[in-house]
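Since the structure comes first, as structure tokens, the remarks are kept for the end.
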Amino acid sequence: MSHLVSKKILAIFIIVLLVVGIGAYFVGQITVVKPSPVKPALSGEIPIGVLHSSASEEGYFQSAINIAFEDVNKWFNESGIPIKFVPLIENAEESTTKACEKLESLIARGCQVIIGPQWSTTSLAVKPIADERKVVLISPASGSPALSIAGDYFTRTIPPIDAWQLVDVAIAMGRGINVLVVVYSKDTFGETSIAALEKIAKEKGVVIYESFAYDPTAKDFTVECSKLVEKYKEAVSKFGWEKVGVEIIGAGGHCVPWLTAVEKFPELWKTASFVGPHVAGATDVIKYTGSAAAKSGFTSIGPYARSPLSLSLKTRHKERYGTECYTYGYAAYDAVWIAALSILAAQEYKGEKLIKVIPSISRVYMGASGYCAMNEAGDRIAMDFEIKMVKFINDTPSWVTIGYFDSSTQTITWVST
Amino acid sequence: MIDPLIISAIANSLIMGLVALGFTLQYVTLRVPNLAHTTICFSSAYITLTFWLLGYNPYFGVFIGFLESSILTYLLYNFLNMLKARGLDDVSLMISTIGISMIIYGFANIYLDYLAYVFKTYTRTFTLANADFKLLGIPGVIYISLILFVFFLLFFNWLLSTKFGIQLRAIVEKPSLAEVHGVDVKRVVGIAWFIIGGIGGIAGSLWPLWFQCDPWLGPLMLTSIFAACALGGIKSILGSLFGGIFIGVSQVILLSVLSDLVGTWIISFKTLIPLIIASLVLLFLPEGIMGKIQKYRGG
Amino acid sequence: MALIILDIILDVMTFFFMYLIFTSCLNLQQGMTGLTNLGLHFFAAIGAYIFAHTAFLALRIYGIELDYIGVDNNEAVFVLNKLFSTDLLTPIFTLFLTIILVMMTCAFLGYIFGRISLRLSGAYLGIFWLCLADSIEHIGMQYRPLAGGNQGVLLPDFFKALNDYSLLIQKIIVILISIITFALFKKISESPFGRLLKTIRENEIVSQSIGKNTNEIKVKIITFSSIFLGVAGVLVCLRTRGIFAESFNRIDVSFWPWLMFILGGSGNLLGSLLGTLICVVIRRIVLYSKFYLTFLPVDIIWIEPILLGVTLCITLLIKPRGILPEKPHKLKY
Amino acid sequence: MSIILKIEKLTKKFGSLIALNKVSLEVPYGSIVLLIGPNGSGKTTLLNCISGLYKPNEGRILYKEIDITGKPPYEIAKLGITKTFQIPMNFKNLTVNENLLACYPNHPGEKLLNCFLKRKWIIEENNAIQRTIKVLKILNIDEQCNQIAHNLSGGQLKLLEFGKPLLRDSELFLLDEPVAGINPFLAEEILSYIQKVRNEYRKTFIIVEHRLDLVLKYVDYVYALAEGEIVCEGPPQEIIKNEKLYEAYFALK
């Protein structure tokens, strides 16, 4: 008997859900379509979404975002604008489906601007939803060129991957390298990077002797590293030691395991150039694998700006969280500012408006990561880089700045140490 | 200076062997594959990390790791018994172990967050390879794991000859009969699980001394460990050790050989190796190599 | 605010119906026939991978040459969206064809793997499927031409022509297919065939000794349910508007359905339905109420696996046979 | 009087142990044949070989001149041979009526495609139900009709076990200790019912049973096995006089 009852109840419940839901949807459509008659001048609390896409690197820029929100709110407060921005933080822990869910939950909670997602894979996954719901994404870390489409709702405060690879090639050339042995992670970042690298290398006349992919989910890179050494030796025997450089392309999280593996292979300790993922100044590299990094002369790039914001962020991050601000932290910090300023300029918290305002705001904003001008596609045009290298400074491995890359002239000015 | 590949292979295989041993013993005593085993074992790696962060030698972590893992395993055993008493079938028990492993995974992440907050560093993915001491250019983890491995091998030989061991074997053969003959099955198997969990914990706490470690490691290792056990013959304890060693070696050596043969692209498929071995063994050699040998001996 | 709540309800419903397919398949395989399967994501992934190739069929029809899986994916999507904004017939035909193809392929594969896995049973069978499914997921992630690899494949908006109602239509499609699946499985569970399946679950030897060809039936069941699993995979992709191998991982596509299935009650389809409803609602509530749970000292995303585990264990402790246990078949006379 | 089951030199080995050694026997239509012998003499093995659960190593089994040696159990069962088990094996979590209904032979509703259309199987289902109820009444366990099988008592389980072959209209019944552990009156009932079935429908029975006191007066012919060989055979009245039997049982020399 209870069998039947539960059956009935369930049936009714489902039907109710169905009817209500569909009805709700039509209501939703209508209300979304007609411009909502909200306050003429913007005021009160405004939610800005933050969508991390990986648990492992969350620490890398959530801290910067916290600082950014404090600064923004402080600035608005001082200038007497009655707006307070509250971050709604979500984390999709490297799962694209989760990313879509979390994005929808953010939108459902009324976010029209969302900082993130972090990685290109996730950005590609959630972009269609953002376009559909007309919500602006400002990614601080996803550099895939596939994302630079004019007229979509995706913008970013870092330049596409080509710009980064250009610097890596420039470093190599600056060190007199014209042969590269490359290993890249088999994910969006790695694959797009290697494509860009090959293109640029061809232009600059740098030979890529060998490039092979590694599984980013692997826990031990010894085998990969032994292959790398093999190929490196071959290259050296062909072209001579001073001509051959090694480059590792991957997410910041892969630095530590890679350097762990490198420490096991003395052949890699003395390479003409050893360029790694873009984690310049990252603390965990020093903490976990400092000696390996120093031995192998691990070189990496990060954003560089002659702006007070940059310095203050750096110092405050250091004293509050005890770690260096991660490369993409600067970009995330700027993303928050650009979002806030554009909302102020648009005087309306709606995606359609904001996407038009953001590029123009970015052109007048000098941020922690430098001059953040965006083009029509919403990509940051250029970025100045700081080239750092791990060295032994009285026997403690630490990051040393060895040069600066000027995006306007596309040249490196080496610092003599 | 030995080729790091060899060292990796040795460390990997020894650790795998110790973990696989536990999986098999748990299976033969309770007839339930404990899918939470790897998660529990590798959870003791965070203890090693904690000790290192506190500034001690990471090897201190080994002892606490033993306790932590063995206690968790013992609790799990009692929980499973509680469920069994409610007349659950093996499959439901297996699923419940999945639930346990999820809980441990969640808490491990929270713990790492806490460590990161306290020590102001990144703890999500970590490796302590250069915190390890070196002897004749060979990292200490090799010596330690070798010593432990041999020790446990002898220990088990001795254990199985004691009264306890005989009781244990009786239980493995026929639990109901053993119970009739006055063997306190719960107690004996409980102790066995305690010890075996501890051994797995030691293996897990040695892992970050040579490899990279993150919270998803345990669930990830499950298939490799199962491949090892299936290969060695899920019923045979010795077999699981050898299966573990085989898988551990194959993950390193086989991969590098393959990459020489078919090209470097194969490297990004390394995770497939244990999966494929496991599927093939399950299909075409369900009783495992040891089982085959015994059958062959049996005539 | 009201709008938000209604949005949430529709969202919850879509998820509920999507998971309902998985749980009903699980109920048919494990609950009724006793075929343990920890790798539900195997056939889902297969379906998704096929979808990745058929989704851009329209390009062929319109005679445009693009590498839609690889580098030109975005461009392909862009082009198709433009084309679909006026055309409705082609996308519907594409979807139809996809589903037919997926059904056929999954049936075929289901038959093959059902046959070769006959010798296994219980936990072994489950772990065999798990290994199989994990490897197919991994291959999908690593091998670009299969399904875009790690970058995935973006899909066009198939109902662009109905611009604002496209989302709604997609959700309705999901709901309809899942209801059909549920109805079919309900029929099975009520028919003598369902009884036959239960006899296999209970005792295969006896079932054989009363003249039932159990192996044939097992293969039939795996084939039949794998069809629906494949279609479910397609639906998942249709919803996320993209095909990403890593979205077919063990936790989301296998373990959660298992939890729902155990929670609801093994062998009882209504139980599976109830379990699915409860789990999905709880999950969504956790997801949406994140910002009201700020008192928690930890990051909410770690609460979810713990929630999964704790719910499962408590259910098994309190109600070992689930909330709605299997009902004994009464005979009135 | 023709032969329904003919066994020629049947041999079954388990590893080195020989369970059946060149056993040959014939069972005529409509007879009740009793297999006796000490434990481990291979009675049950013989039945299992006939019903296809074991594959014999040598020899042939002819059922109505069809060679059924080594056929899978379900085919043999379809041909009309039904075996009951020594320890009642049934579908524990199903109700008694389901246990019996499942035995109903070639039910159209047990096809995957038919089961979606109720009209295709509902009639047959009703027949099955009627028949089940009849059988339940005969075995007078119809009060337990809707109980879960593993709640039944040992005797009731035996009855249920015995009910299965009744539901299938088989030609040949292999009953493995049908009355062991049942109180004498019920046992008498069952055995007399067996005889009734035999007389009315000319069904054939092969019975393995230790309780000779009960069984002997119902059977027509007896085979005595020992160490996998037939030591003596004959009608019951003679067989109990035959001292070979006692040797076999008590190893008297």
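Convention: chains lettered A, B, ... in structure tokens order; per-chain residue numbering from 1; ligands numbered from 1 as shown.
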
Residue set, stretch 110-207 of chain D restricted to alpha helix (DSSP H), as a PyMOL selection string = chain D and resi 122-138+154-167+184-201

Write out, as JSON lines, each residue of chain D that has an atom at most 10 Å from chain C, together with the closest pair of atoms and their distance in Å to one decimal, counting only C-alpha atoms, rows going by chain and rising number.
```
{"residue": "D:Asn48", "atom": "CA", "partner": "C:Ser209", "partner_atom": "CA", "distance": 10.0}
{"residue": "D:Ser51", "atom": "CA", "partner": "C:Ser209", "partner_atom": "CA", "distance": 7.4}
{"residue": "D:Gly52", "atom": "CA", "partner": "C:Ser209", "partner_atom": "CA", "distance": 8.4}
{"residue": "D:Leu53", "atom": "CA", "partner": "C:Ser209", "partner_atom": "CA", "distance": 7.9}
{"residue": "D:Pro72", "atom": "CA", "partner": "C:Gln208", "partner_atom": "CA", "distance": 8.3}
{"residue": "D:Pro73", "atom": "CA", "partner": "C:Ser209", "partner_atom": "CA", "distance": 5.5}
{"residue": "D:Tyr74", "atom": "CA", "partner": "C:Gly211", "partner_atom": "CA", "distance": 3.8}
{"residue": "D:Glu75", "atom": "CA", "partner": "C:Gly211", "partner_atom": "CA", "distance": 6.3}
{"residue": "D:Ile76", "atom": "CA", "partner": "C:Gly211", "partner_atom": "CA", "distance": 7.4}
{"residue": "D:Ala77", "atom": "CA", "partner": "C:Gly211", "partner_atom": "CA", "distance": 4.7}
{"residue": "D:Lys78", "atom": "CA", "partner": "C:Gly211", "partner_atom": "CA", "distance": 5.2}
{"residue": "D:Leu79", "atom": "CA", "partner": "C:Gly211", "partner_atom": "CA", "distance": 8.7}
{"residue": "D:Gly80", "atom": "CA", "partner": "C:Gly211", "partner_atom": "CA", "distance": 9.0}
{"residue": "D:Ile81", "atom": "CA", "partner": "C:Ile210", "partner_atom": "CA", "distance": 9.0}
{"residue": "D:Thr82", "atom": "CA", "partner": "C:Ile210", "partner_atom": "CA", "distance": 6.8}
{"residue": "D:Lys83", "atom": "CA", "partner": "C:Ser209", "partner_atom": "CA", "distance": 6.9}
{"residue": "D:Thr84", "atom": "CA", "partner": "C:Ser209", "partner_atom": "CA", "distance": 8.6}
{"residue": "D:Phe85", "atom": "CA", "partner": "C:Val206", "partner_atom": "CA", "distance": 8.8}
{"residue": "D:Met89", "atom": "CA", "partner": "C:Val206", "partner_atom": "CA", "distance": 6.8}
{"residue": "D:Asn90", "atom": "CA", "partner": "C:Val206", "partner_atom": "CA", "distance": 6.8}
{"residue": "D:Phe91", "atom": "CA", "partner": "C:Glu202", "partner_atom": "CA", "distance": 5.1}
{"residue": "D:Lys92", "atom": "CA", "partner": "C:Glu202", "partner_atom": "CA", "distance": 6.6}
{"residue": "D:Asn93", "atom": "CA", "partner": "C:Glu202", "partner_atom": "CA", "distance": 7.1}
{"residue": "D:Leu94", "atom": "CA", "partner": "C:Pro328", "partner_atom": "CA", "distance": 6.5}
{"residue": "D:Thr95", "atom": "CA", "partner": "C:Pro328", "partner_atom": "CA", "distance": 6.0}
{"residue": "D:Val96", "atom": "CA", "partner": "C:His329", "partner_atom": "CA", "distance": 9.1}
{"residue": "D:Asn97", "atom": "CA", "partner": "C:Leu331", "partner_atom": "CA", "distance": 7.1}
{"residue": "D:Glu98", "atom": "CA", "partner": "C:His329", "partner_atom": "CA", "distance": 6.9}
{"residue": "D:Asn99", "atom": "CA", "partner": "C:Thr199", "partner_atom": "CA", "distance": 8.1}
{"residue": "D:Leu101", "atom": "CA", "partner": "C:Pro192", "partner_atom": "CA", "distance": 8.6}
{"residue": "D:Ala102", "atom": "CA", "partner": "C:Leu196", "partner_atom": "CA", "distance": 6.3}
{"residue": "D:Cys103", "atom": "CA", "partner": "C:Ile210", "partner_atom": "CA", "distance": 5.9}
{"residue": "D:Tyr104", "atom": "CA", "partner": "C:Ile210", "partner_atom": "CA", "distance": 8.6}
{"residue": "D:Pro105", "atom": "CA", "partner": "C:Gly211", "partner_atom": "CA", "distance": 7.7}
{"residue": "D:Asn106", "atom": "CA", "partner": "C:Gly211", "partner_atom": "CA", "distance": 8.6}
{"residue": "D:His107", "atom": "CA", "partner": "C:Pro192", "partner_atom": "CA", "distance": 8.0}
{"residue": "D:Pro108", "atom": "CA", "partner": "C:Pro192", "partner_atom": "CA", "distance": 8.6}
{"residue": "D:Gly109", "atom": "CA", "partner": "C:Pro192", "partner_atom": "CA", "distance": 5.2}
{"residue": "D:Glu110", "atom": "CA", "partner": "C:Phe193", "partner_atom": "CA", "distance": 4.1}
{"residue": "D:Lys111", "atom": "CA", "partner": "C:Phe193", "partner_atom": "CA", "distance": 6.3}
{"residue": "D:Leu112", "atom": "CA", "partner": "C:Phe193", "partner_atom": "CA", "distance": 6.6}
{"residue": "D:Leu113", "atom": "CA", "partner": "C:Ile188", "partner_atom": "CA", "distance": 9.3}
{"residue": "D:Asn114", "atom": "CA", "partner": "C:Phe193", "partner_atom": "CA", "distance": 8.7}
{"residue": "D:Cys115", "atom": "CA", "partner": "C:Ser191", "partner_atom": "CA", "distance": 5.6}
{"residue": "D:Phe116", "atom": "CA", "partner": "C:Lys187", "partner_atom": "CA", "distance": 5.7}
{"residue": "D:Leu117", "atom": "CA", "partner": "C:Lys187", "partner_atom": "CA", "distance": 8.5}
{"residue": "D:Lys118", "atom": "CA", "partner": "C:Ser191", "partner_atom": "CA", "distance": 7.8}
{"residue": "D:Trp121", "atom": "CA", "partner": "C:Pro192", "partner_atom": "CA", "distance": 8.3}
{"residue": "D:Ile122", "atom": "CA", "partner": "C:Ser191", "partner_atom": "CA", "distance": 9.1}
{"residue": "D:Glu125", "atom": "CA", "partner": "C:Pro192", "partner_atom": "CA", "distance": 7.9}
{"residue": "D:Ile129", "atom": "CA", "partner": "C:Leu331", "partner_atom": "CA", "distance": 8.2}
{"residue": "D:Gln130", "atom": "CA", "partner": "C:Tyr333", "partner_atom": "CA", "distance": 9.0}
{"residue": "D:Ile133", "atom": "CA", "partner": "C:Tyr333", "partner_atom": "CA", "distance": 8.0}
{"residue": "D:Cys145", "atom": "CA", "partner": "C:Leu331", "partner_atom": "CA", "distance": 7.3}
{"residue": "D:Asn146", "atom": "CA", "partner": "C:Lys330", "partner_atom": "CA", "distance": 5.4}
{"residue": "D:Gln147", "atom": "CA", "partner": "C:Pro328", "partner_atom": "CA", "distance": 7.8}
{"residue": "D:Ile148", "atom": "CA", "partner": "C:Pro328", "partner_atom": "CA", "distance": 7.0}
{"residue": "D:Lys164", "atom": "CA", "partner": "C:Ile210", "partner_atom": "CA", "distance": 8.2}
{"residue": "D:Pro165", "atom": "CA", "partner": "C:Ile210", "partner_atom": "CA", "distance": 8.4}
{"residue": "D:Arg168", "atom": "CA", "partner": "C:Ile210", "partner_atom": "CA", "distance": 8.4}
```

Go through chain A and flag each residue having an atom no more than 9 Å from chain B; for those, report the closest pair of atoms plus their distance in Å to one decimal, using only C-alpha atoms, ordered by chain and rising number, as a Markdown table.
```
| residue | atom | partner | partner_atom | distance |
| --- | --- | --- | --- | --- |
| A:Ala55 | CA | B:Arg124 | CA | 8.1 |
| A:Ser56 | CA | B:Arg124 | CA | 5.5 |
| A:Glu57 | CA | B:Arg124 | CA | 8.0 |
| A:Gly59 | CA | B:Tyr122 | CA | 7.3 |
| A:Tyr60 | CA | B:Tyr122 | CA | 8.6 |
| A:Ser185 | CA | B:Ser268 | CA | 8.4 |
| A:Lys186 | CA | B:Ser268 | CA | 7.0 |
| A:Ser211 | CA | B:Thr264 | CA | 8.7 |
| A:Phe212 | CA | B:Thr264 | CA | 6.0 |
| A:Ala213 | CA | B:Ser268 | CA | 6.0 |
| A:Tyr214 | CA | B:Ser268 | CA | 4.6 |
| A:Asp215 | CA | B:Ser268 | CA | 4.3 |
| A:Pro216 | CA | B:Ser268 | CA | 8.0 |
| A:Thr217 | CA | B:Thr271 | CA | 8.4 |
| A:Ala218 | CA | B:Thr271 | CA | 7.3 |
| A:Lys219 | CA | B:Gln212 | CA | 5.1 |
| A:Asp220 | CA | B:Phe211 | CA | 5.4 |
| A:Phe221 | CA | B:Phe211 | CA | 8.4 |
| A:Thr222 | CA | B:Leu5 | CA | 6.3 |
| A:Val223 | CA | B:Ser256 | CA | 6.1 |
| A:Glu224 | CA | B:Ile267 | CA | 7.0 |
| A:Ser226 | CA | B:Leu5 | CA | 7.3 |
| A:Lys227 | CA | B:Ser256 | CA | 7.7 |
| A:Gly253 | CA | B:Thr125 | CA | 7.4 |
| A:His254 | CA | B:Thr125 | CA | 8.9 |
| A:Val256 | CA | B:Phe126 | CA | 7.3 |
| A:Pro257 | CA | B:Gln212 | CA | 5.9 |
| A:Thr260 | CA | B:Ala129 | CA | 6.6 |
| A:Ala261 | CA | B:Pro4 | CA | 8.6 |
| A:Glu263 | CA | B:Asn130 | CA | 8.3 |
| A:Lys264 | CA | B:Pro4 | CA | 6.0 |
| A:Phe265 | CA | B:Pro4 | CA | 7.2 |
| A:Thr283 | CA | B:Thr121 | CA | 7.5 |
| A:Asp284 | CA | B:Tyr122 | CA | 6.1 |
| A:Lys287 | CA | B:Thr121 | CA | 8.3 |
| A:Tyr288 | CA | B:Leu128 | CA | 6.6 |
| A:Thr289 | CA | B:Asn130 | CA | 6.8 |
| A:Gly290 | CA | B:Asn130 | CA | 8.8 |
| A:Ser291 | CA | B:Asn130 | CA | 7.9 |
| A:Ala292 | CA | B:Asn130 | CA | 8.4 |
| A:Tyr321 | CA | B:Lys120 | CA | 6.0 |
| A:Gly322 | CA | B:Lys120 | CA | 5.4 |
| A:Thr323 | CA | B:Thr121 | CA | 6.6 |
```

Test item: residues at most 6 Å from A:Val279, only C-alpha atoms, excluding those fewer than 3 positions along its chain, as a short mmCIF file (atom, residue, chain, number, x, y, z; two decimals) with N, CA and C atoms, in the first residue's frame:
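For reference, selection.cif as written:
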```cif
data_model
loop_
_atom_site.label_atom_id
_atom_site.label_comp_id
_atom_site.auth_asym_id
_atom_site.auth_seq_id
_atom_site.Cartn_x
_atom_site.Cartn_y
_atom_site.Cartn_z
N GLY A 252 51.88 25.96 -13.56
CA GLY A 252 52.80 26.27 -12.47
C GLY A 252 52.94 25.11 -11.50
N ALA A 282 57.78 32.24 -7.58
CA ALA A 282 56.91 31.36 -6.80
C ALA A 282 57.68 30.77 -5.62
N THR A 327 52.40 34.79 -10.43
CA THR A 327 52.34 35.53 -11.70
C THR A 327 50.92 36.00 -12.01
#
```

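Residue nearest chain C, chosen from A:Ile158, A:Leu137, A:Val72, A:Cys100 and counting only C-alpha atoms: A:Cys100.
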
With a cut-off of 12 Å, could you pull out the residues of chain D touching chain B and give me the nearest pair of atoms for each, distance in Å to one decimal, using only C-alpha atoms, ordered by chain and ascending number, as JSON lines?
```
{"residue": "D:Phe14", "atom": "CA", "partner": "B:Gly299", "partner_atom": "CA", "distance": 12.0}
{"residue": "D:Gly15", "atom": "CA", "partner": "B:Gly299", "partner_atom": "CA", "distance": 8.3}
{"residue": "D:Ser16", "atom": "CA", "partner": "B:Gly299", "partner_atom": "CA", "distance": 9.4}
```

task = Could you give me the residues within stretch 143-314 of chain C that DSSP places in strand (DSSP E), as a list in words?
result = Val153, Leu154, Gly242 and Ile243 of chain C

Take the residues that were just selected and, keeping all heavy atoms, output them as a PDB file, in the first residue's frame.
```pdb
ATOM      1  N   VAL C 153      35.860  19.598 -27.098  1.00  0.00           N
ATOM      2  CA  VAL C 153      35.247  20.055 -28.341  1.00  0.00           C
ATOM      3  C   VAL C 153      34.040  20.899 -27.965  1.00  0.00           C
ATOM      4  O   VAL C 153      33.188  20.447 -27.213  1.00  0.00           O
ATOM      5  CB  VAL C 153      34.797  18.864 -29.203  1.00  0.00           C
ATOM      6  CG1 VAL C 153      34.062  19.356 -30.433  1.00  0.00           C
ATOM      7  CG2 VAL C 153      35.979  18.012 -29.587  1.00  0.00           C
ATOM      8  N   LEU C 154      33.993  22.130 -28.457  1.00  0.00           N
ATOM      9  CA  LEU C 154      32.808  22.957 -28.217  1.00  0.00           C
ATOM     10  C   LEU C 154      31.739  22.602 -29.236  1.00  0.00           C
ATOM     11  O   LEU C 154      32.055  22.253 -30.373  1.00  0.00           O
ATOM     12  CB  LEU C 154      33.165  24.432 -28.331  1.00  0.00           C
ATOM     13  CG  LEU C 154      34.097  24.958 -27.251  1.00  0.00           C
ATOM     14  CD1 LEU C 154      34.279  26.447 -27.411  1.00  0.00           C
ATOM     15  CD2 LEU C 154      33.571  24.636 -25.873  1.00  0.00           C
ATOM     16  N   GLY C 242      29.450  21.183 -24.788  1.00  0.00           N
ATOM     17  CA  GLY C 242      30.828  20.866 -25.133  1.00  0.00           C
ATOM     18  C   GLY C 242      31.137  19.453 -24.709  1.00  0.00           C
ATOM     19  O   GLY C 242      30.460  18.904 -23.842  1.00  0.00           O
ATOM     20  N   ILE C 243      32.156  18.869 -25.323  1.00  0.00           N
ATOM     21  CA  ILE C 243      32.506  17.488 -25.019  1.00  0.00           C
ATOM     22  C   ILE C 243      33.873  17.490 -24.370  1.00  0.00           C
ATOM     23  O   ILE C 243      34.869  17.873 -24.987  1.00  0.00           O
ATOM     24  CB  ILE C 243      32.499  16.636 -26.294  1.00  0.00           C
ATOM     25  CG1 ILE C 243      31.077  16.462 -26.782  1.00  0.00           C
ATOM     26  CG2 ILE C 243      33.115  15.278 -26.028  1.00  0.00           C
ATOM     27  CD1 ILE C 243      30.969  16.268 -28.251  1.00  0.00           C
TER      28      ILE C 243
END
```

Non-local contacts of C:Lys82 (10 Å; only C-alpha atoms; under 6 positions in same chain excluded) as a list in words = Ala76, Pro156, Asp157, Lys160 and Ala161 of chain C

Can you write out the residues you just picked, keeping all heavy atoms, as a PDB file, in the first residue's frame?
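Dumped everything to out-v3.pdb:
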```pdb
ATOM      1  N   ALA C  76      34.528  26.590 -36.366  1.00  0.00           N
ATOM      2  CA  ALA C  76      33.429  25.719 -36.792  1.00  0.00           C
ATOM      3  C   ALA C  76      32.166  26.045 -36.014  1.00  0.00           C
ATOM      4  O   ALA C  76      31.080  26.212 -36.578  1.00  0.00           O
ATOM      5  CB  ALA C  76      33.823  24.270 -36.585  1.00  0.00           C
ATOM      6  N   PRO C 156      28.022  23.595 -31.269  1.00  0.00           N
ATOM      7  CA  PRO C 156      27.162  24.723 -31.616  1.00  0.00           C
ATOM      8  C   PRO C 156      25.840  24.664 -30.855  1.00  0.00           C
ATOM      9  O   PRO C 156      25.494  23.645 -30.260  1.00  0.00           O
ATOM     10  CB  PRO C 156      26.945  24.525 -33.117  1.00  0.00           C
ATOM     11  CG  PRO C 156      27.094  23.065 -33.312  1.00  0.00           C
ATOM     12  CD  PRO C 156      28.144  22.630 -32.344  1.00  0.00           C
ATOM     13  N   ASP C 157      25.132  25.765 -30.888  1.00  0.00           N
ATOM     14  CA  ASP C 157      23.814  25.810 -30.260  1.00  0.00           C
ATOM     15  C   ASP C 157      22.810  25.249 -31.255  1.00  0.00           C
ATOM     16  O   ASP C 157      22.514  25.879 -32.264  1.00  0.00           O
ATOM     17  CB  ASP C 157      23.465  27.255 -29.899  1.00  0.00           C
ATOM     18  CG  ASP C 157      22.113  27.317 -29.223  1.00  0.00           C
ATOM     19  OD1 ASP C 157      21.453  26.267 -29.172  1.00  0.00           O
ATOM     20  OD2 ASP C 157      21.741  28.394 -28.750  1.00  0.00           O
ATOM     21  N   LYS C 160      19.580  27.333 -32.117  1.00  0.00           N
ATOM     22  CA  LYS C 160      19.818  28.776 -32.231  1.00  0.00           C
ATOM     23  C   LYS C 160      18.593  29.468 -32.826  1.00  0.00           C
ATOM     24  O   LYS C 160      18.254  30.578 -32.463  1.00  0.00           O
ATOM     25  CB  LYS C 160      21.033  29.005 -33.127  1.00  0.00           C
ATOM     26  CG  LYS C 160      21.602  30.405 -33.032  1.00  0.00           C
ATOM     27  CD  LYS C 160      22.511  30.544 -31.827  1.00  0.00           C
ATOM     28  CE  LYS C 160      23.206  31.887 -31.841  1.00  0.00           C
ATOM     29  NZ  LYS C 160      23.914  32.144 -30.583  1.00  0.00           N
ATOM     30  N   ALA C 161      17.913  28.745 -33.716  1.00  0.00           N
ATOM     31  CA  ALA C 161      16.786  29.371 -34.413  1.00  0.00           C
ATOM     32  C   ALA C 161      15.712  29.831 -33.430  1.00  0.00           C
ATOM     33  O   ALA C 161      15.010  30.812 -33.658  1.00  0.00           O
ATOM     34  CB  ALA C 161      16.198  28.390 -35.412  1.00  0.00           C
TER      35      ALA C 161
END
```

message = Report as a PyMOL selection string all protein, DNA and RNA residues lying within 8 Å of stretch 77-81 of chain B, evaluated on only C-alpha atoms, omitting residues in the same chain fewer than 2 positions from it.
response = chain B and resi 73-75+83-85+93+190+193

request  = Enter the distance from atom CA of A:Ser43 to atom CA of A:Ser79, in Å, rounded to one decimal.
outcome  = 13.4 Å

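For the pair atom CA of B:Ala45 and atom CA of B:Ile10, the interatomic distance is 18.5 Å.
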
task = Dump as a PyMOL selection string the residues of chain C that approach chain B to within 8 Å, counting only C-alpha atoms.
result = chain C and resi 36+116-117+119-120+122-124+128+131-132+134-135+138-139+142+255+258+262+298-299+302-310+312-313+316-317+320-321

All residues 8 Å or closer to C:Cys25, only C-alpha atoms, same chain fewer than 6 positions away omitted, as a PyMOL selection string = chain C and resi 225-226+228-229

Using only C-alpha atoms, which residues sit within 7 Å of stretch 55-57 of chain D once same-chain residues fewer than 4 positions away are excluded, as an mmCIF file with N, CA, C and O atoms, in the first residue's frame?
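Saved the output as out11.cif:
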```
data_model
loop_
_atom_site.group_PDB
_atom_site.id
_atom_site.type_symbol
_atom_site.label_atom_id
_atom_site.label_comp_id
_atom_site.auth_asym_id
_atom_site.auth_seq_id
_atom_site.Cartn_x
_atom_site.Cartn_y
_atom_site.Cartn_z
ATOM 1 N N LEU D 10 29.201 -44.016 -18.134
ATOM 2 C CA LEU D 10 29.423 -42.633 -17.745
ATOM 3 C C LEU D 10 30.552 -42.571 -16.726
ATOM 4 O O LEU D 10 30.561 -43.320 -15.752
ATOM 5 N N THR D 11 31.544 -41.720 -16.997
ATOM 6 C CA THR D 11 32.674 -41.572 -16.082
ATOM 7 C C THR D 11 32.866 -40.089 -15.782
ATOM 8 O O THR D 11 32.841 -39.261 -16.692
ATOM 9 N N LYS D 12 33.028 -39.797 -14.493
ATOM 10 C CA LYS D 12 33.263 -38.397 -14.084
ATOM 11 C C LYS D 12 34.410 -38.373 -13.100
ATOM 12 O O LYS D 12 34.396 -39.094 -12.103
ATOM 13 N N LYS D 13 35.442 -37.589 -13.422
ATOM 14 C CA LYS D 13 36.601 -37.482 -12.517
ATOM 15 C C LYS D 13 36.655 -36.068 -11.958
ATOM 16 O O LYS D 13 36.388 -35.102 -12.659
ATOM 17 N N CYS D 49 25.340 -34.861 -13.489
ATOM 18 C CA CYS D 49 25.792 -35.123 -14.861
ATOM 19 C C CYS D 49 24.596 -35.146 -15.800
ATOM 20 O O CYS D 49 24.627 -34.556 -16.887
ATOM 21 N N GLY D 70 26.927 -33.425 -21.913
ATOM 22 C CA GLY D 70 27.679 -32.163 -21.886
ATOM 23 C C GLY D 70 26.926 -30.972 -22.444
ATOM 24 O O GLY D 70 27.525 -29.958 -22.770
#
```
